[in-house]
file model-v5.cif (mmCIF, C-alpha atoms)
data_query
loop_
_atom_site.label_atom_id
_atom_site.label_comp_id
_atom_site.auth_asym_id
_atom_site.auth_seq_id
_atom_site.Cartn_x
_atom_site.Cartn_y
_atom_site.Cartn_z
CA MET W 25 61.52 167.61 34.99
CA ASP W 26 63.56 169.25 32.26
CA GLU W 27 60.80 171.83 31.73
CA PHE W 28 60.68 172.59 35.47
CA PHE W 29 64.46 173.04 35.59
CA SER W 30 64.31 175.30 32.54
CA ARG W 31 61.71 177.52 34.19
CA ILE W 32 63.81 177.79 37.34
CA THR W 33 66.91 178.85 35.42
CA ASP W 34 64.87 181.32 33.33
CA TRP W 35 63.46 182.96 36.44
CA ALA W 36 66.90 183.00 38.06
CA SER W 37 68.26 184.65 34.93
CA VAL W 38 65.55 187.34 35.06
CA LEU W 39 66.33 187.96 38.73
CA CYS W 40 70.04 188.34 38.01
CA TYR W 41 69.35 190.77 35.17
CA SER W 42 66.94 192.78 37.33
CA VAL W 43 69.43 193.19 40.17
CA ALA W 44 72.17 193.97 37.64
CA ALA W 45 70.02 196.74 36.18
CA PHE W 46 69.70 198.32 39.63
CA GLY W 47 73.44 197.83 39.98
CA CYS W 48 74.01 199.93 36.87
CA VAL W 49 72.02 202.75 38.43
CA TYR W 50 74.05 202.37 41.63
CA ALA W 51 77.32 202.69 39.69
CA LEU W 52 76.18 205.95 38.10
CA VAL W 53 75.01 207.32 41.45
CA ALA W 54 78.35 206.31 42.94
CA ALA W 55 80.20 208.15 40.17
CA TRP W 56 78.18 211.27 41.02
CA ALA W 57 78.98 210.87 44.73
CA VAL W 58 82.69 210.46 43.96
CA ARG W 59 82.69 213.63 41.87
CA GLY W 60 81.00 215.51 44.70
CA PHE W 61 83.58 214.34 47.22
CA ALA W 62 86.40 215.40 44.92
CA ARG W 63 85.00 218.95 44.94
CA THR W 64 84.86 219.28 48.73
CA THR W 65 87.59 221.16 50.52
CA ILE W 66 89.53 220.26 53.64
CA SER W 67 88.48 222.01 56.85
CA ALA W 68 89.98 225.39 57.69
CA PRO W 69 93.13 225.29 59.84
CA ALA W 70 92.62 224.59 63.52
CA ALA W 71 92.48 227.54 65.89
CA ASN W 72 94.86 225.66 68.17
CA TYR W 73 97.02 222.68 67.42
CA PRO W 74 97.06 220.36 70.44
CA ALA W 75 99.93 218.08 71.37
CA VAL W 76 99.19 214.58 70.09
CA THR W 77 100.23 211.01 70.81
CA ILE W 78 100.18 208.57 67.90
CA LEU W 79 99.66 204.93 68.85
CA LYS W 80 101.23 202.54 66.32
CA PRO W 81 100.49 198.86 67.05
CA LEU W 82 102.99 196.66 65.19
CA HIS W 83 103.16 192.97 64.36
CA GLY W 84 105.81 191.54 62.10
CA LEU W 85 108.02 192.95 59.38
CA GLU W 86 105.74 194.34 56.69
CA PRO W 87 107.09 195.46 53.28
CA TYR W 88 108.56 199.00 53.42
CA LEU W 89 107.63 199.30 57.09
CA TYR W 90 110.47 201.73 57.82
CA ASN W 91 109.37 204.13 55.06
CA HIS W 92 105.75 204.09 56.16
CA LEU W 93 106.60 204.74 59.80
CA ALA W 94 109.13 207.42 58.88
CA GLY W 95 106.32 209.38 57.21
CA PHE W 96 104.84 209.95 60.66
CA CYS W 97 108.20 211.07 62.04
CA ALA W 98 108.44 213.74 59.32
CA GLN W 99 105.06 215.42 59.88
CA ASP W 100 104.75 219.17 59.43
CA TYR W 101 102.99 219.92 62.71
CA PRO W 102 103.46 222.96 64.99
CA ALA W 103 102.89 221.18 68.33
CA PRO W 104 104.56 218.32 70.22
CA VAL W 105 104.09 214.85 68.73
CA GLN W 106 104.76 211.64 70.62
CA ILE W 107 104.76 208.36 68.69
CA ILE W 108 104.42 205.11 70.63
CA PHE W 109 105.26 201.90 68.78
CA GLY W 110 103.92 198.81 70.49
CA VAL W 111 104.65 195.10 70.07
CA ALA W 112 103.57 192.12 72.14
CA ASP W 113 106.52 189.83 71.40
CA ALA W 114 110.11 190.64 72.37
CA ALA W 115 111.26 188.70 69.28
CA ASP W 116 109.11 190.67 66.85
CA PRO W 117 111.27 191.79 63.90
CA ALA W 118 109.46 195.16 63.82
CA ILE W 119 111.49 196.10 66.90
CA GLY W 120 114.61 196.49 64.78
CA VAL W 121 112.79 198.91 62.49
CA VAL W 122 111.63 201.02 65.43
CA ARG W 123 115.12 201.16 66.92
CA LYS W 124 116.49 202.37 63.59
CA LEU W 125 113.80 205.07 63.52
CA ILE W 126 114.75 206.17 67.03
CA ALA W 127 118.39 206.44 65.92
CA ASP W 128 117.55 208.24 62.66
CA PHE W 129 115.13 210.75 64.27
CA PRO W 130 116.85 211.73 67.55
CA ASP W 131 114.85 214.97 67.74
CA ARG W 132 111.51 213.14 67.72
CA ASP W 133 109.66 211.80 70.74
CA LEU W 134 109.60 208.11 69.82
CA VAL W 135 108.78 205.37 72.33
CA LEU W 136 108.93 201.59 71.98
CA THR W 137 106.79 199.40 74.24
CA ILE W 138 107.15 195.62 74.45
CA ASN W 139 104.31 194.16 76.48
CA PRO W 140 102.73 190.71 76.02
CA ARG W 141 99.87 191.31 78.45
CA ARG W 142 96.49 190.36 77.02
CA HIS W 143 93.34 192.32 77.88
CA GLY W 144 90.89 190.59 75.58
CA THR W 145 90.55 188.45 72.47
CA ASN W 146 91.42 191.24 70.03
CA ARG W 147 95.23 191.31 70.00
CA LYS W 148 95.49 194.72 68.35
CA VAL W 149 93.31 196.30 71.04
CA SER W 150 95.35 194.59 73.77
CA ASN W 151 98.43 196.21 72.23
CA LEU W 152 96.69 199.60 72.25
CA ILE W 153 95.77 199.25 75.92
CA ASN W 154 99.38 198.45 76.77
CA MET W 155 100.58 201.48 74.80
CA ALA W 156 97.97 203.98 76.03
CA GLY W 157 99.40 204.03 79.54
CA GLN W 158 102.52 205.78 78.23
CA ALA W 159 100.65 208.45 76.25
CA ARG W 160 101.57 211.92 77.53
CA HIS W 161 99.25 214.06 75.42
CA GLU W 162 95.51 214.69 75.46
CA VAL W 163 94.80 213.81 71.83
CA LEU W 164 95.31 210.18 70.83
CA ILE W 165 95.60 209.02 67.22
CA VAL W 166 95.35 205.29 66.57
CA SER W 167 97.15 204.61 63.31
CA ASP W 168 97.72 201.25 61.63
CA SER W 169 101.23 200.26 60.64
CA ASP W 170 100.36 199.75 56.97
CA ILE W 171 99.23 203.24 55.95
CA ILE W 172 100.92 206.05 54.05
CA VAL W 173 100.18 209.70 54.81
CA ASP W 174 101.15 213.15 53.54
CA ARG W 175 103.11 215.63 55.65
CA ASP W 176 99.94 217.61 56.49
CA TYR W 177 98.13 214.55 57.85
CA LEU W 178 98.25 215.68 61.49
CA LYS W 179 97.22 219.24 60.64
CA ASN W 180 94.11 218.01 58.86
CA ILE W 181 93.25 215.63 61.71
CA ALA W 182 93.60 218.44 64.27
CA ALA W 183 91.48 220.81 62.18
CA SER W 184 88.62 218.30 62.03
CA LEU W 185 88.85 217.38 65.71
CA ASP W 186 88.76 221.11 66.57
CA ARG W 187 85.23 221.48 65.20
CA PRO W 188 82.38 221.78 67.76
CA GLY W 189 80.74 218.51 68.73
CA VAL W 190 83.33 216.28 67.05
CA GLY W 191 84.35 213.34 69.21
CA LEU W 192 86.36 211.25 66.78
CA VAL W 193 88.07 211.78 63.42
CA THR W 194 88.60 208.98 60.94
CA CYS W 195 89.78 208.87 57.32
CA ILE W 196 88.78 207.09 54.15
CA TYR W 197 91.61 205.39 52.33
CA ARG W 198 92.69 204.17 48.92
CA GLY W 199 94.80 201.14 48.02
CA ALA W 200 98.58 201.27 47.64
CA PRO W 201 99.87 197.98 46.18
CA VAL W 202 103.44 196.95 46.95
CA THR W 203 103.27 193.39 45.60
CA ALA W 204 102.19 191.98 42.26
CA PRO W 205 99.81 190.67 41.18
CA TRP W 206 97.83 190.06 44.39
CA GLY W 207 98.61 193.41 46.00
CA HIS W 208 97.24 195.18 42.91
CA PHE W 209 94.17 192.96 43.00
CA ALA W 210 93.57 193.77 46.68
CA ALA W 211 94.07 197.51 46.11
CA ALA W 212 91.47 197.42 43.34
CA ALA W 213 88.91 196.18 45.88
CA ILE W 214 89.55 199.21 48.07
CA ASP W 215 89.56 201.65 45.16
CA TYR W 216 86.67 200.32 43.10
CA HIS W 217 84.37 198.83 45.75
CA PHE W 218 85.14 200.22 49.20
CA LEU W 219 85.58 203.88 48.22
CA PRO W 220 82.38 204.30 46.16
CA GLY W 221 80.38 202.30 48.71
CA VAL W 222 81.50 204.57 51.54
CA LEU W 223 80.85 207.76 49.57
CA VAL W 224 77.35 206.68 48.54
CA GLY W 225 76.60 205.68 52.14
CA LEU W 226 77.79 209.04 53.44
CA LYS W 227 75.99 211.00 50.72
CA PHE W 228 72.60 209.51 51.55
CA GLY W 229 73.09 208.95 55.28
CA LEU W 230 73.09 205.18 54.88
CA ALA W 231 76.39 204.58 56.67
CA ALA W 232 78.00 205.66 59.92
CA PRO W 233 81.53 204.37 59.47
CA CYS W 234 84.68 204.50 61.54
CA PHE W 235 87.86 203.19 59.95
CA GLY W 236 90.68 201.50 61.83
CA PRO W 237 93.62 202.92 59.81
CA THR W 238 93.05 206.29 61.53
CA MET W 239 91.00 207.09 64.63
CA ALA W 240 91.71 210.33 66.51
CA LEU W 241 90.00 211.30 69.75
CA ARG W 242 90.67 213.00 73.06
CA LYS W 243 91.55 211.03 76.17
CA GLU W 244 88.48 212.36 77.95
CA THR W 245 86.27 211.07 75.13
CA LEU W 246 87.94 207.68 75.22
CA ASP W 247 87.58 207.49 79.01
CA SER W 248 83.89 208.44 78.80
CA ILE W 249 83.11 205.41 76.61
CA GLY W 250 85.09 202.95 78.71
CA GLY W 251 88.53 203.20 77.12
CA PHE W 252 89.95 200.74 74.66
CA GLU W 253 88.86 198.02 77.10
CA SER W 254 85.29 198.52 75.83
CA VAL W 255 86.25 196.99 72.47
CA ALA W 256 88.88 194.47 73.64
CA ASP W 257 86.79 191.48 72.53
CA GLN W 258 85.28 192.96 69.36
CA LEU W 259 86.09 191.90 65.81
CA ALA W 260 85.09 195.28 64.36
CA ASP W 261 86.72 197.32 67.12
CA ASP W 262 86.87 200.44 64.92
CA TYR W 263 83.17 200.34 64.05
CA VAL W 264 82.16 199.77 67.68
CA LEU W 265 84.44 202.56 68.91
CA GLY W 266 82.80 205.00 66.48
CA ASP W 267 79.36 203.81 67.53
CA LEU W 268 80.17 204.36 71.22
CA VAL W 269 81.33 207.91 70.47
CA ARG W 270 78.08 208.67 68.65
CA ARG W 271 76.04 207.22 71.51
CA ALA W 272 77.89 209.62 73.80
CA GLY W 273 76.35 212.48 71.82
CA LEU W 274 79.41 213.34 69.74
CA SER W 275 79.95 213.09 65.99
CA VAL W 276 82.48 211.14 63.93
CA GLU W 277 84.12 213.43 61.39
CA ILE W 278 85.57 212.30 58.04
CA PRO W 279 87.74 215.05 56.53
CA ALA W 280 88.10 215.51 52.77
CA MET W 281 91.50 213.87 52.61
CA THR W 282 92.58 210.36 51.72
CA ILE W 283 95.30 208.20 53.19
CA ALA W 284 96.73 205.08 51.55
CA HIS W 285 96.39 201.51 52.81
CA VAL W 286 99.31 199.28 51.82
CA CYS W 287 98.27 196.08 50.03
CA ALA W 288 101.03 193.49 50.33
CA GLU W 289 99.26 190.21 49.64
CA ARG W 290 101.78 187.70 48.27
CA SER W 291 99.57 184.78 47.26
CA ALA W 292 96.04 183.88 46.26
CA ARG W 293 95.54 182.18 49.64
CA GLU W 294 96.65 185.26 51.58
CA PHE W 295 94.52 187.46 49.35
CA PHE W 296 91.38 185.38 49.86
CA ARG W 297 91.85 185.10 53.64
CA HIS W 298 92.19 188.87 53.96
CA GLU W 299 89.20 189.60 51.73
CA LEU W 300 87.03 187.08 53.55
CA ARG W 301 87.92 188.59 56.93
CA TRP W 302 86.91 192.05 55.73
CA ALA W 303 83.66 190.74 54.23
CA ARG W 304 82.62 188.80 57.31
CA THR W 305 83.53 191.72 59.55
CA ILE W 306 81.20 194.02 57.60
CA ARG W 307 78.49 191.36 57.57
CA SER W 308 78.76 190.95 61.34
CA VAL W 309 78.17 194.63 62.16
CA ASP W 310 75.52 195.40 59.52
CA PRO W 311 73.86 192.25 58.11
CA LEU W 312 71.09 194.10 56.27
CA GLY W 313 73.41 196.67 54.75
CA TYR W 314 75.83 193.94 53.77
CA ALA W 315 73.09 192.05 51.95
CA GLY W 316 72.41 195.26 50.00
CA ILE W 317 75.98 195.13 48.67
CA VAL W 318 74.65 192.66 46.11
CA LEU W 319 73.61 195.76 44.10
CA THR W 320 77.27 196.65 43.62
CA HIS W 321 77.88 193.45 41.64
CA ALA W 322 76.12 194.41 38.42
CA LEU W 323 78.61 192.90 35.98
CA PRO W 324 78.93 189.45 37.64
CA LEU W 325 75.15 189.20 38.00
CA ALA W 326 74.58 190.17 34.39
CA LEU W 327 77.10 187.53 33.28
CA LEU W 328 75.42 184.98 35.55
CA GLY W 329 72.07 185.90 34.01
CA THR W 330 73.48 185.17 30.56
CA LEU W 331 74.95 181.88 31.76
CA LEU W 332 71.59 180.77 33.15
CA GLY W 333 69.32 182.05 30.40
CA GLY W 334 71.55 182.03 27.35
CA ILE W 335 72.26 184.94 25.04
CA THR W 336 69.11 187.02 24.63
CA PRO W 337 68.37 190.74 24.16
CA ALA W 338 68.53 191.01 27.96
CA SER W 339 72.20 190.09 27.76
CA MET W 340 72.84 193.69 26.72
CA ILE W 341 72.64 194.48 30.42
CA ALA W 342 76.11 192.99 30.73
CA ILE W 343 77.43 195.57 28.27
CA ALA W 344 75.60 198.32 30.14
CA ALA W 345 77.10 197.09 33.41
CA LEU W 346 80.57 197.20 31.91
CA ALA W 347 80.01 200.74 30.63
CA CYS W 348 78.76 201.88 34.06
CA ARG W 349 81.73 200.19 35.73
CA PHE W 350 84.17 202.12 33.53
CA THR W 351 82.27 205.37 34.11
CA LEU W 352 82.66 204.92 37.86
CA GLN W 353 86.31 203.98 37.45
CA VAL W 354 87.05 207.14 35.49
CA GLU W 355 85.61 209.28 38.29
CA LEU W 356 87.51 207.34 40.95
CA ASP W 357 90.79 207.56 39.06
CA ARG W 358 90.34 211.30 38.61
CA ALA W 359 89.24 212.03 42.18
CA PHE W 360 91.82 209.91 44.01
CA ARG W 361 94.68 209.85 41.49
CA LEU W 362 94.56 206.09 41.21
CA ARG W 363 96.67 203.93 38.95
CA ASP W 364 95.65 204.23 35.30
CA ASP W 365 97.89 201.35 34.15
CA VAL W 366 95.62 198.71 35.70
CA PHE W 367 92.31 200.01 34.37
CA TRP W 368 91.38 196.51 33.22
CA LEU W 369 91.43 195.27 36.83
CA GLY W 370 88.00 196.77 37.52
CA PRO W 371 85.86 194.12 35.76
CA LEU W 372 88.06 191.25 36.99
CA ARG W 373 87.90 192.69 40.47
CA ASP W 374 84.08 192.78 40.23
CA ILE W 375 84.00 189.04 39.58
CA ALA W 376 86.42 188.28 42.42
CA SER W 377 84.47 190.51 44.82
CA PHE W 378 81.25 188.70 43.95
CA CYS W 379 82.90 185.35 44.72
CA VAL W 380 84.09 186.66 48.09
CA PHE W 381 80.61 188.09 48.77
CA VAL W 382 79.00 184.70 48.19
CA ALA W 383 81.67 182.84 50.18
CA SER W 384 81.23 185.17 53.15
CA PHE W 385 77.80 183.68 53.88
CA PHE W 386 79.22 180.17 54.28
CA GLY W 387 80.77 180.37 57.73
CA SER W 388 81.67 182.97 60.33
CA SER W 389 85.30 182.28 61.19
CA VAL W 390 88.05 184.74 60.26
CA GLU W 391 91.84 184.71 60.19
CA TRP W 392 93.99 187.63 61.30
CA ARG W 393 97.76 187.89 61.79
CA GLY W 394 98.24 184.12 61.84
CA HIS W 395 95.36 183.39 64.24
CA ARG W 396 91.86 182.03 63.69
CA TYR W 397 88.74 183.41 65.38
CA GLY W 398 85.02 182.78 65.47
CA LEU W 399 82.14 185.13 66.21
CA GLN W 400 80.00 184.93 69.32
CA ALA W 401 76.91 186.88 70.36
CA GLY W 402 77.37 190.64 70.22
CA ASN W 403 80.07 190.27 67.53
CA LYS W 404 82.59 189.22 70.15
CA LEU W 405 85.60 187.16 69.15
CA ALA W 406 86.27 183.59 70.21
CA TYR W 407 89.85 182.43 69.79
CA TYR W 408 90.22 179.16 67.86
CA GLY W 409 94.01 178.94 67.77
CA GLU W 410 96.77 179.51 65.26
CA ALA W 411 95.76 179.49 61.60
CA LYS W 412 97.08 176.79 59.30
CA SER W 413 99.74 178.06 56.94
#

call {"tool": "encode", "arguments": {"input": "model-v5.cif", "output": "structure tokens"}}
result
Amino acid sequence: MDEFFSRITDWASVLCYSVAAFGCVYALVAAWAVRGFARTTISAPAANYPAVTILKPLHGLEPYLYNHLAGFCAQDYPAPVQIIFGVADAADPAIGVVRKLIADFPDRDLVLTINPRRHGTNRKVSNLINMAGQARHEVLIVSDSDIIVDRDYLKNIAASLDRPGVGLVTCIYRGAPVTAPWGHFAAAAIDYHFLPGVLVGLKFGLAAPCFGPTMALRKETLDSIGGFESVADQLADDYVLGDLVRRAGLSVEIPAMTIAHVCAERSAREFFRHELRWARTIRSVDPLGYAGIVLTHALPLALLGTLLGGITPASMIAIAALACRFTLQVELDRAFRLRDDVFWLGPLRDIASFCVFVASFFGSSVEWRGHRYGLQAGNKLAYYGEAKS
């Protein structure tokens, strides 16, 4: 029995080392893809800048919410901009922030909607449907409340949407931690796992993403795919919206600019819940591609191989994995001007990401904004009730 168990652990160790070796190659390819993205240029200015309506669904009082929303009120854009802020609860504390914005920016077209009407299981999409009825302009930009943008954000969006055949514009994003230590830990997942994964997928045509923090499209395009109602029950509403646009014969454009996603996790529990929701969302829309993410966990697998098989010459793969991880990090830090004071977070983040990856296969429920959901056929949401605190 002991001999049988020893053989099993030896073979498991070899398997871990083998996958880790492929993971090292992936990290180097990712570093090359990151460097290539850094060298691309943003699209030429638009021939015409259309009037736009920004839809900002809000829920709760997030850290620095006023500052993040004010960045949209201070855009350098040569055409009319309407910003609609939407909440579902008349007691939502975000309302006070919006009213202060309206007072501080009297020359801006700012609208607050308070509408509890539900149109589906996805509460964010219900909010968008309630807001969309007040949109006055042809171009709609769905923008999450927890993102930070530069003053030329709208100009770059308009330039990409102006290109022939483009039906929707979305943006990749980096992490912007506002809490410590868990916000920094969450941002490292975006910077060191999400970003390279997206860029490798785009480089080799392995991914067709659409990201919720920014989605810009024309009203006629939205109407042609069934409006926001078409994704009212979807967990991955952003992914499905992009897929519907592509099925309509239009492309989804990702300009060479980066926005920032605020990471404000305040506890290990909040951090893990958020990470698990992201992981299970990705798994739900692309199970095969998600399984392939195992290649991105070279360092944890190499360490697991050493744990199972003991220290052998093959254990050098762990050192190689660490070297490849730092090579990728250097390229990411250079390309996206990331934080260089938390360089050591990369390897720790790799281990945490591997734990989340494994945990994501044990269950299908997710928690979002204080509510718990399950997945039904077609990746539709089933509401389970309020999440336990």

call {"tool": "resolve_selection", "arguments": {"input": "model-v5.cif", "expression": "the PyMOL selection byres ((chain W and resi 186) around 10)", "output": "count of residues only"}}
result
20

call {"tool": "atom_distance", "arguments": {"input": "model-v5.cif", "atom1": "atom CA of W:Ala62", "atom2": "atom CA of W:Gly199"}}
result
16.8 Å

call {"tool": "closest_atom_pairs", "arguments": {"input": "model-v5.cif", "of": "stretch 43-151 of chain W", "to": "stretch 346-356 of chain W", "cutoff": "7 Å", "atoms": "all atoms listed in the file", "output": "tab-separated table"}}
result
residue	atom	partner	partner_atom	distance
W:Cys48	CA	W:Cys348	CA	5.9
W:Ala51	CA	W:Cys348	CA	5.9
W:Leu52	CA	W:Cys348	CA	6.3
W:Ala54	CA	W:Leu352	CA	6.8
W:Ala55	CA	W:Leu352	CA	4.7
W:Val58	CA	W:Leu356	CA	6.5
W:Arg59	CA	W:Glu355	CA	6.3

call {"tool": "atom_distance", "arguments": {"input": "model-v5.cif", "atom1": "atom CA of W:Pro311", "atom2": "atom CA of W:Ala376"}}
result
20.5 Å

call {"tool": "residues_around", "arguments": {"input": "model-v5.cif", "residues": "W:Pro81", "least_positions_apart": "6", "cutoff": "7 Å", "atoms": "only C-alpha atoms", "output": "PyMOL selection string"}}
result
chain W and resi 109-111+148+151-152+168-169

call {"tool": "residues_around", "arguments": {"input": "model-v5.cif", "residues": "W:Ala94", "least_positions_apart": "4", "cutoff": "12 Å", "atoms": "only C-alpha atoms", "output": "PDB file with C-alpha atoms, in the coordinates of the input"}}
result
ATOM      1  CA  LYS W  80     101.230 202.540  66.320  1.00  0.00           C
ATOM      2  CA  TYR W  88     108.560 199.000  53.420  1.00  0.00           C
ATOM      3  CA  LEU W  89     107.630 199.300  57.090  1.00  0.00           C
ATOM      4  CA  TYR W  90     110.470 201.730  57.820  1.00  0.00           C
ATOM      5  CA  ALA W  98     108.440 213.740  59.320  1.00  0.00           C
ATOM      6  CA  GLN W  99     105.060 215.420  59.880  1.00  0.00           C
ATOM      7  CA  ILE W 107     104.760 208.360  68.690  1.00  0.00           C
ATOM      8  CA  PHE W 109     105.260 201.900  68.780  1.00  0.00           C
ATOM      9  CA  VAL W 121     112.790 198.910  62.490  1.00  0.00           C
ATOM     10  CA  VAL W 122     111.630 201.020  65.430  1.00  0.00           C
ATOM     11  CA  ARG W 123     115.120 201.160  66.920  1.00  0.00           C
ATOM     12  CA  LYS W 124     116.490 202.370  63.590  1.00  0.00           C
ATOM     13  CA  LEU W 125     113.800 205.070  63.520  1.00  0.00           C
ATOM     14  CA  ILE W 126     114.750 206.170  67.030  1.00  0.00           C
ATOM     15  CA  ALA W 127     118.390 206.440  65.920  1.00  0.00           C
ATOM     16  CA  ASP W 128     117.550 208.240  62.660  1.00  0.00           C
ATOM     17  CA  PHE W 129     115.130 210.750  64.270  1.00  0.00           C
ATOM     18  CA  ARG W 132     111.510 213.140  67.720  1.00  0.00           C
ATOM     19  CA  LEU W 134     109.600 208.110  69.820  1.00  0.00           C
ATOM     20  CA  SER W 169     101.230 200.260  60.640  1.00  0.00           C
ATOM     21  CA  ASP W 170     100.360 199.750  56.970  1.00  0.00           C
ATOM     22  CA  ILE W 171      99.230 203.240  55.950  1.00  0.00           C
ATOM     23  CA  ILE W 172     100.920 206.050  54.050  1.00  0.00           C
ATOM     24  CA  VAL W 173     100.180 209.700  54.810  1.00  0.00           C
ATOM     25  CA  ASP W 174     101.150 213.150  53.540  1.00  0.00           C
ATOM     26  CA  ARG W 175     103.110 215.630  55.650  1.00  0.00           C
TER      27      ARG W 175
END

call {"tool": "residues_near_point", "arguments": {"input": "model-v5.cif", "point": "(82.1, 199.2, 64.3)", "cutoff": "10 Å", "atoms": "only C-alpha atoms", "output": "PyMOL selection string"}}
result
chain W and resi 232-236+255+258-268+305-306+308-310+403

call {"tool": "resolve_selection", "arguments": {"input": "model-v5.cif", "expression": "the PyMOL selection byres ((chain W and resi 85) around 6)", "output": "MDAnalysis selection string"}}
result
chainID W and resid 84 86 117:118

call {"tool": "resolve_selection", "arguments": {"input": "model-v5.cif", "expression": "the PyMOL selection byres ((chain W and resi 300) around 8)", "output": "ChimeraX atom specification"}}
result
/W:296-299,301-304,380,383-384,390

call {"tool": "closest_residue", "arguments": {"input": "model-v5.cif", "among": "W:Thr64, W:Ile196, W:Lys404, W:Glu162", "to": "W:Ile214", "atoms": "all atoms listed in the file"}}
result
W:Ile196

call {"tool": "atom_distance", "arguments": {"input": "model-v5.cif", "atom1": "atom CA of W:Met281", "atom2": "atom CA of W:Arg242"}}
result
20.5 Å

call {"tool": "closest_residue", "arguments": {"input": "model-v5.cif", "among": "W:Arg290, W:Lys243, W:Lys179, W:Arg31", "to": "W:Thr203", "atoms": "all atoms listed in the file"}}
result
W:Arg290
